[in-house]
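Here is the structure we will look at.
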Amino acid sequence: MGSLWGSTCECRNCEFRFSSHHSYGSYRGDPPMGGYFYVVCADCAAQHMVPTRGARGPADGERMELCAVSTERGQVRLQGSGEYLEFYKLADAATWSDLFTLATTACPVCCAQGVLKVELHAGNACPRCKRMALNCDRMP
């Protein structure tokens with residue numbers, strides 16, 4: 001399993017940590033997963049795993065369900081939320097975030113719309129404590 005792009009951000013105040021990258025490989029084969037990435041809610045700090053069909057990231061037009069993650073007896077389990085992100089390859093996209101339907105997707109936990117993030121940046125307020133600016137390191 002490896003990572004394709006992104007950054008890791010953390011808060012020194014509350015130990016919040018978020019990685020904005022797509023990892024290839026799969027925790028399970030049913031449904032088939034080529035890879036996954038995480039989405040975080042800027043309002044409630046809930047993190048959701050988003051499985052992708054392809055190992056290299058989502059395909060153009062791919063619709064992906066936000067999932068809660070739990071571990072039971074060493075097995076990772078995904079619970080679908082009923083909320084979906086869509087991904088579109090846009091030539092004029094400036095950031096990874098610009099490729100998703102983030103503005104029109106509600107957080108499955110707090111139900112706020114337009115607050116989901118696939119990437120965070122250095123200096124952004126921590127989604128959990130809301131007091132500290134995040135420190136971020138770009139992944140190779």
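The chains in the structure tokens are called A, B, ... from first to last as shown; in each chain the residues are counted from 1, and the ligands are counted from 1 in the order shown.
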Secondary structure check, strand (DSSP E or B) residues of chain A, as an MDAnalysis selection string: chainID A and resid 2:3 7:10 17:19 22:24 35:41 47:52 63:72 75:87 100 106 113 116:117 125 133 135:138
Backbone DSSP call of helix (DSSP H, G or I) for range 10-140 of chain A, listed as an NGL selection string: :A and (96-99)
Atomic distance CA of Ser81 in chain A - CA of Glu65 in chain A, expressed in Å with one decimal: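 If I compute the distance from CA of Ser81 in chain A to CA of Glu65 in chain A, I get 6.9 Å.
The shortest atom-to-atom distance to Gly123 in chain A, with only C-alpha atoms taken into account, belongs to A:Asn135 out of A:Thr52, A:Asn135, A:Thr105, A:Ser20.
Excluding Ala42 in chain A itself and same-chain residues fewer than 5 positions from it, the residues having an atom within 12 Å of it are Phe16, Phe18, Gln47, Leu102, Ala106, Cys107, Val109, Cys110, Cys111, Ala112, Gln113, Gly114, Val115, Leu116, Lys117, Val118, Glu119, Leu120, Asn124, Ala125, Cys126, Pro127, Arg128, Cys129 and Lys130 of chain A, counting only C-alpha atoms.
Among A:Arg73, A:Met49, A:His21, A:Lys89, the residue with the shortest atom-to-atom distance to Thr8 in chain A, counting only C-alpha atoms, is A:His21.
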Spatial neighbours of Tyr84 in chain A, max dist 7 Å, only C-alpha atoms, sep filter under 2 positions, as a PyMOL selection string: chain A and resi 63-66+82+86+105
With C-alpha atoms retained, could you export that selection as an mmCIF file, in the first residue's frame?
```cif
data_model
loop_
_atom_site.group_PDB
_atom_site.id
_atom_site.type_symbol
_atom_site.label_atom_id
_atom_site.label_comp_id
_atom_site.auth_asym_id
_atom_site.auth_seq_id
_atom_site.Cartn_x
_atom_site.Cartn_y
_atom_site.Cartn_z
ATOM 1 C CA ARG A 63 -19.330 8.479 -7.567
ATOM 2 C CA MET A 64 -17.890 7.451 -4.185
ATOM 3 C CA GLU A 65 -19.648 6.874 -0.871
ATOM 4 C CA LEU A 66 -18.308 8.456 2.314
ATOM 5 C CA GLY A 82 -25.559 7.341 2.062
ATOM 6 C CA GLU A 86 -18.327 12.794 -7.275
ATOM 7 C CA THR A 105 -22.179 17.194 -0.275
#
```
CA of Thr104 in chain A to CA of Val39 in chain A, distance in Å rounded to a single decimal: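 CA of Thr104 in chain A sits 14.0 Å away from CA of Val39 in chain A.
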Which residue of A:Thr71, A:Cys11, A:Trp96, A:Pro108 approaches Glu83 in chain A most closely, using only C-alpha atoms: A:Pro108
Atom pair CA of Leu134 in chain A / CA of Ala45 in chain A: separation (Å):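 Straight-line distance from CA of Leu134 in chain A to CA of Ala45 in chain A works out to 13.2 Å.
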